[in-house]
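Undergrad: Enclosed is the structure file coords07.pdb (PDB, C-alpha atoms, pLDDT in the B column).
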ATOM      1  CA  MET N   9      14.544  13.223   8.931  1.00 45.00           C
ATOM      2  CA  VAL N  10      13.195  10.028  10.471  1.00 49.00           C
ATOM      3  CA  SER N  11      12.600  10.623  14.152  1.00 61.00           C
ATOM      4  CA  SER N  12      10.401   8.025  15.846  1.00 75.00           C
ATOM      5  CA  ASP N  13      10.814   4.266  16.100  1.00 77.00           C
ATOM      6  CA  TYR N  14       7.593   3.950  14.095  1.00 71.00           C
ATOM      7  CA  GLU N  15       8.997   6.098  11.318  1.00 72.00           C
ATOM      8  CA  ARG N  16      12.228   4.053  11.285  1.00 74.00           C
ATOM      9  CA  ARG N  17      10.238   0.830  10.864  1.00 75.00           C
ATOM     10  CA  ILE N  18       8.233   2.340   8.018  1.00 75.00           C
ATOM     11  CA  ALA N  19      11.426   3.617   6.375  1.00 75.00           C
ATOM     12  CA  ALA N  20      12.763   0.052   6.411  1.00 76.00           C
ATOM     13  CA  ARG N  21       9.741  -0.975   4.312  1.00 80.00           C
ATOM     14  CA  PHE N  22      10.849   1.453   1.595  1.00 86.00           C
ATOM     15  CA  ALA N  23      13.364  -1.036   0.183  1.00 83.00           C
ATOM     16  CA  THR N  24      10.560  -3.507  -0.479  1.00 82.00           C
ATOM     17  CA  PHE N  25       9.117  -1.124  -3.045  1.00 88.00           C
ATOM     18  CA  ASP N  26      12.419   0.218  -4.388  1.00 91.00           C
ATOM     19  CA  GLN N  27      12.902  -2.936  -6.440  1.00 88.00           C
ATOM     20  CA  ASP N  28      15.811  -1.593  -8.498  1.00 90.00           C
ATOM     21  CA  GLY N  29      17.579  -0.019  -5.510  1.00 90.00           C
ATOM     22  CA  ASN N  30      17.989   3.405  -7.094  1.00 95.00           C
ATOM     23  CA  GLY N  31      16.841   5.318  -4.018  1.00 94.00           C
ATOM     24  CA  TYR N  32      13.277   6.089  -5.037  1.00 95.00           C
ATOM     25  CA  ILE N  33      10.062   4.304  -5.902  1.00 95.00           C
ATOM     26  CA  ASP N  34       8.608   4.867  -9.332  1.00 97.00           C
ATOM     27  CA  ARG N  35       6.345   3.238 -11.892  1.00 97.00           C
ATOM     28  CA  GLN N  36       9.242   1.091 -13.150  1.00 96.00           C
ATOM     29  CA  ASP N  37       9.585  -0.544  -9.731  1.00 96.00           C
ATOM     30  CA  PHE N  38       5.998  -1.746  -9.968  1.00 95.00           C
ATOM     31  CA  SER N  39       6.168  -2.850 -13.607  1.00 96.00           C
ATOM     32  CA  GLY N  40       9.558  -4.484 -12.962  1.00 95.00           C
ATOM     33  CA  ALA N  41       8.096  -6.468 -10.081  1.00 95.00           C
ATOM     34  CA  ALA N  42       5.222  -7.571 -12.332  1.00 97.00           C
ATOM     35  CA  LYS N  43       7.630  -8.607 -15.099  1.00 97.00           C
ATOM     36  CA  ALA N  44       9.784 -10.598 -12.652  1.00 96.00           C
ATOM     37  CA  LEU N  45       6.740 -12.390 -11.239  1.00 97.00           C
ATOM     38  CA  LEU N  46       5.454 -13.318 -14.707  1.00 98.00           C
ATOM     39  CA  SER N  47       8.869 -14.701 -15.568  1.00 98.00           C
ATOM     40  CA  GLU N  48       9.063 -16.730 -12.329  1.00 97.00           C
ATOM     41  CA  PHE N  49       5.703 -18.390 -12.999  1.00 98.00           C
ATOM     42  CA  GLY N  50       6.040 -18.667 -16.792  1.00 98.00           C
ATOM     43  CA  VAL N  51       2.997 -16.497 -17.501  1.00 97.00           C
ATOM     44  CA  ALA N  52       2.931 -14.439 -20.697  1.00 98.00           C
ATOM     45  CA  ALA N  53       2.683 -10.675 -20.310  1.00 97.00           C
ATOM     46  CA  ARG N  54      -0.018 -10.540 -22.996  1.00 97.00           C
ATOM     47  CA  SER N  55      -2.175 -13.172 -21.325  1.00 97.00           C
ATOM     48  CA  ASP N  56      -5.231 -12.169 -19.308  1.00 97.00           C
ATOM     49  CA  LYS N  57      -3.322 -12.846 -16.069  1.00 97.00           C
ATOM     50  CA  GLY N  58      -0.325 -10.869 -17.308  1.00 98.00           C
ATOM     51  CA  GLN N  59      -2.439  -7.900 -18.328  1.00 98.00           C
ATOM     52  CA  ALA N  60      -4.306  -7.976 -15.017  1.00 98.00           C
ATOM     53  CA  LEU N  61      -0.987  -8.001 -13.160  1.00 98.00           C
ATOM     54  CA  TYR N  62       0.351  -5.004 -15.091  1.00 98.00           C
ATOM     55  CA  GLY N  63      -2.973  -3.216 -14.579  1.00 98.00           C
ATOM     56  CA  GLY N  64      -2.859  -3.968 -10.851  1.00 97.00           C
ATOM     57  CA  ALA N  65       0.754  -2.781 -10.661  1.00 97.00           C
ATOM     58  CA  GLU N  66      -0.206   0.490 -12.352  1.00 97.00           C
ATOM     59  CA  ALA N  67      -3.184   0.988 -10.033  1.00 96.00           C
ATOM     60  CA  PHE N  68      -0.966   0.303  -7.024  1.00 93.00           C
ATOM     61  CA  TRP N  69       1.639   2.772  -8.299  1.00 95.00           C
ATOM     62  CA  GLN N  70      -1.021   5.435  -8.866  1.00 95.00           C
ATOM     63  CA  GLY N  71      -2.400   4.923  -5.367  1.00 90.00           C
ATOM     64  CA  MET N  72       1.035   5.102  -3.786  1.00 89.00           C
ATOM     65  CA  ALA N  73       1.969   8.175  -5.806  1.00 93.00           C
ATOM     66  CA  GLY N  74      -1.282   9.845  -4.763  1.00 89.00           C
ATOM     67  CA  ILE N  75      -0.448   9.233  -1.118  1.00 85.00           C
ATOM     68  CA  ALA N  76       3.268   9.876  -1.044  1.00 89.00           C
ATOM     69  CA  ASP N  77       4.567  11.780  -4.103  1.00 92.00           C
ATOM     70  CA  ARG N  78       4.343  15.213  -2.526  1.00 90.00           C
ATOM     71  CA  ASP N  79       6.299  17.096  -5.211  1.00 93.00           C
ATOM     72  CA  GLY N  80       4.542  15.420  -8.173  1.00 93.00           C
ATOM     73  CA  ASP N  81       7.763  14.299  -9.894  1.00 96.00           C
ATOM     74  CA  GLN N  82       6.457  10.725 -10.374  1.00 96.00           C
ATOM     75  CA  ARG N  83       9.086   9.416  -7.951  1.00 96.00           C
ATOM     76  CA  ILE N  84       8.689   8.700  -4.256  1.00 95.00           C
ATOM     77  CA  THR N  85      11.756   9.361  -2.178  1.00 94.00           C
ATOM     78  CA  ARG N  86      12.399   7.576   1.098  1.00 90.00           C
ATOM     79  CA  GLU N  87      11.365  10.681   3.003  1.00 90.00           C
ATOM     80  CA  GLU N  88       8.167  11.069   0.972  1.00 92.00           C
ATOM     81  CA  PHE N  89       7.383   7.401   1.615  1.00 88.00           C
ATOM     82  CA  VAL N  90       7.889   7.770   5.346  1.00 83.00           C
ATOM     83  CA  THR N  91       5.897  11.000   5.478  1.00 81.00           C
ATOM     84  CA  GLY N  92       3.100   9.561   3.320  1.00 77.00           C
ATOM     85  CA  ALA N  93       2.894   6.389   5.383  1.00 68.00           C
ATOM     86  CA  VAL N  94       3.057   8.189   8.695  1.00 66.00           C
ATOM     87  CA  LYS N  95       0.586  10.933   7.897  1.00 68.00           C
ATOM     88  CA  ARG N  96      -1.873   9.146   5.648  1.00 68.00           C
ATOM     89  CA  LEU N  97      -1.796   5.429   6.362  1.00 67.00           C
ATOM     90  CA  ARG N  98      -1.053   4.933  10.038  1.00 67.00           C
ATOM     91  CA  ASP N  99      -4.627   5.529  11.089  1.00 65.00           C
ATOM     92  CA  ASN N 100      -6.175   3.921   8.023  1.00 71.00           C
ATOM     93  CA  PRO N 101      -4.572   0.581   7.040  1.00 70.00           C
ATOM     94  CA  GLU N 102      -7.767  -0.315   5.175  1.00 77.00           C
ATOM     95  CA  ARG N 103      -6.985   2.472   2.696  1.00 78.00           C
ATOM     96  CA  PHE N 104      -3.599   0.924   2.007  1.00 78.00           C
ATOM     97  CA  ALA N 105      -5.207  -2.495   1.628  1.00 81.00           C
ATOM     98  CA  GLU N 106      -7.616  -1.134  -0.969  1.00 85.00           C
ATOM     99  CA  ILE N 107      -4.795   0.516  -2.919  1.00 87.00           C
ATOM    100  CA  ALA N 108      -2.866  -2.765  -2.951  1.00 89.00           C
ATOM    101  CA  ARG N 109      -5.820  -5.136  -3.506  1.00 92.00           C
ATOM    102  CA  PRO N 110      -5.945  -5.120  -7.357  1.00 94.00           C
ATOM    103  CA  PHE N 111      -2.227  -5.851  -7.531  1.00 95.00           C
ATOM    104  CA  LEU N 112      -2.331  -8.532  -4.831  1.00 94.00           C
ATOM    105  CA  HIS N 113      -5.369 -10.145  -6.464  1.00 95.00           C
ATOM    106  CA  ALA N 114      -3.494 -10.322  -9.772  1.00 97.00           C
ATOM    107  CA  VAL N 115      -0.318 -11.599  -8.060  1.00 97.00           C
ATOM    108  CA  LEU N 116      -2.274 -14.452  -6.516  1.00 96.00           C
ATOM    109  CA  ALA N 117      -3.901 -15.255  -9.859  1.00 97.00           C
ATOM    110  CA  VAL N 118      -0.482 -15.530 -11.520  1.00 98.00           C
ATOM    111  CA  ALA N 119       0.801 -17.856  -8.780  1.00 97.00           C
ATOM    112  CA  ASP N 120      -2.434 -19.900  -8.574  1.00 96.00           C
ATOM    113  CA  ALA N 121      -1.495 -22.936 -10.649  1.00 90.00           C
ATOM    114  CA  ASP N 122      -4.837 -24.725 -10.387  1.00 92.00           C
ATOM    115  CA  GLY N 123      -7.130 -21.685 -10.549  1.00 91.00           C
ATOM    116  CA  ASP N 124      -8.882 -22.404  -7.255  1.00 92.00           C
ATOM    117  CA  GLY N 125      -8.410 -18.876  -5.883  1.00 89.00           C
ATOM    118  CA  SER N 126      -5.567 -19.670  -3.511  1.00 92.00           C
ATOM    119  CA  VAL N 127      -1.833 -20.264  -3.728  1.00 97.00           C
ATOM    120  CA  THR N 128       0.202 -23.006  -2.085  1.00 96.00           C
ATOM    121  CA  VAL N 129       2.574 -21.973   0.683  1.00 96.00           C
ATOM    122  CA  PRO N 130       5.644 -22.906  -1.443  1.00 96.00           C
ATOM    123  CA  ASP N 131       4.352 -20.782  -4.349  1.00 96.00           C
ATOM    124  CA  THR N 132       3.633 -17.927  -1.944  1.00 95.00           C
ATOM    125  CA  SER N 133       7.248 -18.214  -0.858  1.00 95.00           C
ATOM    126  CA  ARG N 134       8.318 -17.940  -4.515  1.00 96.00           C
ATOM    127  CA  VAL N 135       6.244 -14.770  -4.889  1.00 95.00           C
ATOM    128  CA  LEU N 136       7.827 -13.238  -1.815  1.00 92.00           C
ATOM    129  CA  ALA N 137      11.320 -14.129  -3.038  1.00 92.00           C
ATOM    130  CA  VAL N 138      10.622 -12.440  -6.386  1.00 93.00           C
ATOM    131  CA  PHE N 139       9.653  -9.310  -4.471  1.00 89.00           C
ATOM    132  CA  GLY N 140      12.944  -9.302  -2.593  1.00 85.00           C
ATOM    133  CA  VAL N 141      12.191 -11.163   0.622  1.00 85.00           C
ATOM    134  CA  PRO N 142      15.263 -13.271   1.495  1.00 85.00           C
ATOM    135  CA  GLU N 143      14.684 -16.956   0.729  1.00 80.00           C
ATOM    136  CA  GLY N 144      14.669 -18.238   4.322  1.00 84.00           C
ATOM    137  CA  ALA N 145      12.397 -15.454   5.497  1.00 88.00           C
ATOM    138  CA  ALA N 146      10.115 -15.894   2.470  1.00 90.00           C
ATOM    139  CA  GLY N 147       9.291 -19.442   3.535  1.00 92.00           C
ATOM    140  CA  GLU N 148       8.576 -18.393   7.106  1.00 93.00           C
ATOM    141  CA  VAL N 149       6.394 -15.475   6.023  1.00 91.00           C
ATOM    142  CA  ALA N 150       4.507 -17.650   3.528  1.00 93.00           C
ATOM    143  CA  ALA N 151       3.807 -20.222   6.226  1.00 94.00           C
ATOM    144  CA  ALA N 152       2.637 -17.490   8.606  1.00 93.00           C
ATOM    145  CA  LEU N 153       0.252 -16.161   5.959  1.00 93.00           C
ATOM    146  CA  ASP N 154      -1.488 -19.533   5.949  1.00 93.00           C
ATOM    147  CA  ALA N 155      -3.542 -18.539   8.983  1.00 88.00           C
ATOM    148  CA  ASP N 156      -5.865 -21.542   8.912  1.00 90.00           C
ATOM    149  CA  GLY N 157      -3.105 -24.080   8.236  1.00 92.00           C
ATOM    150  CA  ASP N 158      -4.678 -25.552   5.104  1.00 94.00           C
ATOM    151  CA  GLY N 159      -1.489 -25.219   3.036  1.00 95.00           C
ATOM    152  CA  GLU N 160      -3.022 -22.471   0.913  1.00 95.00           C
ATOM    153  CA  VAL N 161      -2.882 -18.676   1.015  1.00 95.00           C
ATOM    154  CA  GLY N 162      -5.762 -16.594  -0.298  1.00 92.00           C
ATOM    155  CA  GLU N 163      -6.588 -12.963  -0.822  1.00 91.00           C
ATOM    156  CA  GLU N 164      -8.466 -12.776   2.498  1.00 90.00           C
ATOM    157  CA  GLU N 165      -5.187 -13.636   4.254  1.00 90.00           C
ATOM    158  CA  VAL N 166      -2.740 -11.679   2.088  1.00 91.00           C
ATOM    159  CA  VAL N 167      -4.418  -8.278   1.797  1.00 87.00           C
ATOM    160  CA  PRO N 168      -4.816  -7.557   5.530  1.00 85.00           C
ATOM    161  CA  ALA N 169      -1.343  -8.950   6.297  1.00 85.00           C
ATOM    162  CA  PHE N 170       0.180  -6.750   3.602  1.00 82.00           C
ATOM    163  CA  ALA N 171      -1.592  -3.687   4.970  1.00 77.00           C
ATOM    164  CA  ARG N 172      -0.484  -4.478   8.518  1.00 75.00           C
ATOM    165  CA  TYR N 173       3.120  -4.878   7.418  1.00 75.00           C
ATOM    166  CA  PHE N 174       3.213  -1.497   5.724  1.00 69.00           C
ATOM    167  CA  THR N 175       1.118   0.391   8.258  1.00 66.00           C
ATOM    168  CA  VAL N 176       2.895  -0.756  11.392  1.00 60.00           C
ATOM    169  CA  PRO N 177       1.239   0.652  14.505  1.00 58.00           C
ATOM    170  CA  GLU N 178       3.204   2.939  16.763  1.00 52.00           C
TER     171      GLU N 178
END
Rewrite the structure from the file as structure tokens, please.

TA:
Amino acid sequence: MVSSDYERRIAARFATFDQDGNGYIDRQDFSGAAKALLSEFGVAARSDKGQALYGGAEAFWQGMAGIADRDGDQRITREEFVTGAVKRLRDNPERFAEIARPFLHAVLAVADADGDGSVTVPDTSRVLAVFGVPEGAAGEVAAALDADGDGEVGEEEVVPAFARYFTVPE
């Protein structure tokens, strides 16, 4: 039962992870997101970038499962997600950032066409769209992530923003 406004906002974040819309988050949601991103950017799964992305997705899944999968069934229900986020992440967004960092690092590497360590705002928008952010919103969010206005988005901008989004303060 979701009771507070904070918990309702966190529950809304659940859909971001439930990539296949089956009502729970599992390993396939993370590997499916990785596969979709590789396809969008034309990167081979067996390449170094592809393997790093799948490894990051698995590490992210393991971290999320460790936080939220209370019954150990290798699936995170909406209620488990809300409870895990509320009880374990609200006061420690840095923990969430560290769980997500290997995946986000690999995501940026896949989208980084020139290998300079950052991703253009339009390519960041493509990443967000692959992960289910509506197209119009994806462009706005990508532009907002470019905190210094240089037209590029890097890990130092993405990781804290990602953690803030998923660990919304009360």

Undergrad: Within 12 Å of Gly162 (chain N), counting only C-alpha atoms, which residues qualify if same-chain residues fewer than 6 places away don't, as a ChimeraX atom specification?

TA: /N:109,112-117,119-120,123-129,131-132,150,153-156,168-169

Undergrad: Mind listing as number ranges by chain all residues within 9 Å of (-4.8, -8.8, -15.0), counting all atoms listed in the file?

TA: N: 55-64, 110-111, 113-115, 117-118

Undergrad: May I have a table of the residues of region 123-158 of chain N lying at most 10 Å from region 24-31 of chain N, giving each one's closest pair of atoms and their distance in Å to one decimal, counting all atoms listed in the file, ordered by chain and ascending residue number, as CSV?

TA:
residue,atom,partner,partner_atom,distance
N:Val138,CA,N:Gln27,CA,9.8
N:Phe139,CA,N:Thr24,CA,7.1
N:Gly140,CA,N:Thr24,CA,6.6
N:Val141,CA,N:Thr24,CA,7.9

Undergrad: Between N:Val90, N:Phe68, N:Asp79, N:Glu48, which is the closest to Glu15 (chain N) once you count only C-alpha atoms?

TA: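 Closest candidate: N:Val90.
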
Undergrad: Quote the spacing between CA of Gln82 (chain N) and CA of Asp34 (chain N) in Å to one decimal place.

TA: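 These atoms are spaced 6.3 Å apart.
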
Undergrad: Between N:Trp69, N:Ala121, N:Arg21, N:Glu87, single out the one closest to Val51 (chain N), counting only C-alpha atoms.

TA: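 Going through N:Trp69, N:Ala121, N:Arg21, N:Glu87 one by one, the smallest distance to Val51 (chain N) is for N:Ala121.
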
Undergrad: I want to know what sits within 12 Å of Gly144 (chain N), based on only C-alpha atoms, with residues of the same chain fewer than 6 positions away left out; could you give that as an NGL selection string?

TA: :N and (130 or 133-134 or 136-137 or 150-151)

Undergrad: Save the residues we just selected, C-alpha atoms, as a short mmCIF file (atom, residue, chain, number, x, y, z; two decimals), in the coordinates of the input?

TA:
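again_19.cif, written as the output of this step:
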data_model
loop_
_atom_site.label_atom_id
_atom_site.label_comp_id
_atom_site.auth_asym_id
_atom_site.auth_seq_id
_atom_site.Cartn_x
_atom_site.Cartn_y
_atom_site.Cartn_z
CA PRO N 130 5.64 -22.91 -1.44
CA SER N 133 7.25 -18.21 -0.86
CA ARG N 134 8.32 -17.94 -4.51
CA LEU N 136 7.83 -13.24 -1.82
CA ALA N 137 11.32 -14.13 -3.04
CA ALA N 150 4.51 -17.65 3.53
CA ALA N 151 3.81 -20.22 6.23
#

Undergrad: Between N:Arg86, N:Leu46, N:Met72, N:Asp81, which residue has the minimum interatomic distance to Arg16 (chain N), considering all atoms listed in the file?

TA: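 Once distances to Arg16 (chain N) are computed over all atoms listed in the file, the minimum belongs to N:Arg86.
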
Undergrad: Record the distance separating CA of Ala19 (chain N) and CA of Ala152 (chain N), expressed in Å with one decimal.

TA: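 Going from CA of Ala19 (chain N) over to CA of Ala152 (chain N), I get 23.0 Å.
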
Undergrad: Here is a test: counting all atoms listed in the file, which residue of N:Glu165, N:Thr91, N:Phe104, N:Gly157 is nearest to Tyr14 (chain N)?

TA: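 Checking each candidate against Tyr14 (chain N), we get N:Thr91 as the closest.
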
Undergrad: For the file shown, what are the residues hit by the PyMOL selection byres ((chain N and resi 83) around 8), laid out as a PDB file with C-alpha atoms, in the coordinates of the input?

TA:
ATOM      1  CA  TYR N  32      13.277   6.089  -5.037  1.00 95.00           C
ATOM      2  CA  ILE N  33      10.062   4.304  -5.902  1.00 95.00           C
ATOM      3  CA  ASP N  34       8.608   4.867  -9.332  1.00 97.00           C
ATOM      4  CA  ARG N  35       6.345   3.238 -11.892  1.00 97.00           C
ATOM      5  CA  ALA N  73       1.969   8.175  -5.806  1.00 93.00           C
ATOM      6  CA  ASP N  77       4.567  11.780  -4.103  1.00 92.00           C
ATOM      7  CA  GLY N  80       4.542  15.420  -8.173  1.00 93.00           C
ATOM      8  CA  ASP N  81       7.763  14.299  -9.894  1.00 96.00           C
ATOM      9  CA  GLN N  82       6.457  10.725 -10.374  1.00 96.00           C
ATOM     10  CA  ILE N  84       8.689   8.700  -4.256  1.00 95.00           C
ATOM     11  CA  THR N  85      11.756   9.361  -2.178  1.00 94.00           C
TER      12      THR N  85
END

Undergrad: One decimal, in Å: what's the spacing between CA of Ala67 (chain N) and CA of Glu163 (chain N)?

TA: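 Straight-line distance from CA of Ala67 (chain N) to CA of Glu163 (chain N) works out to 17.1 Å.
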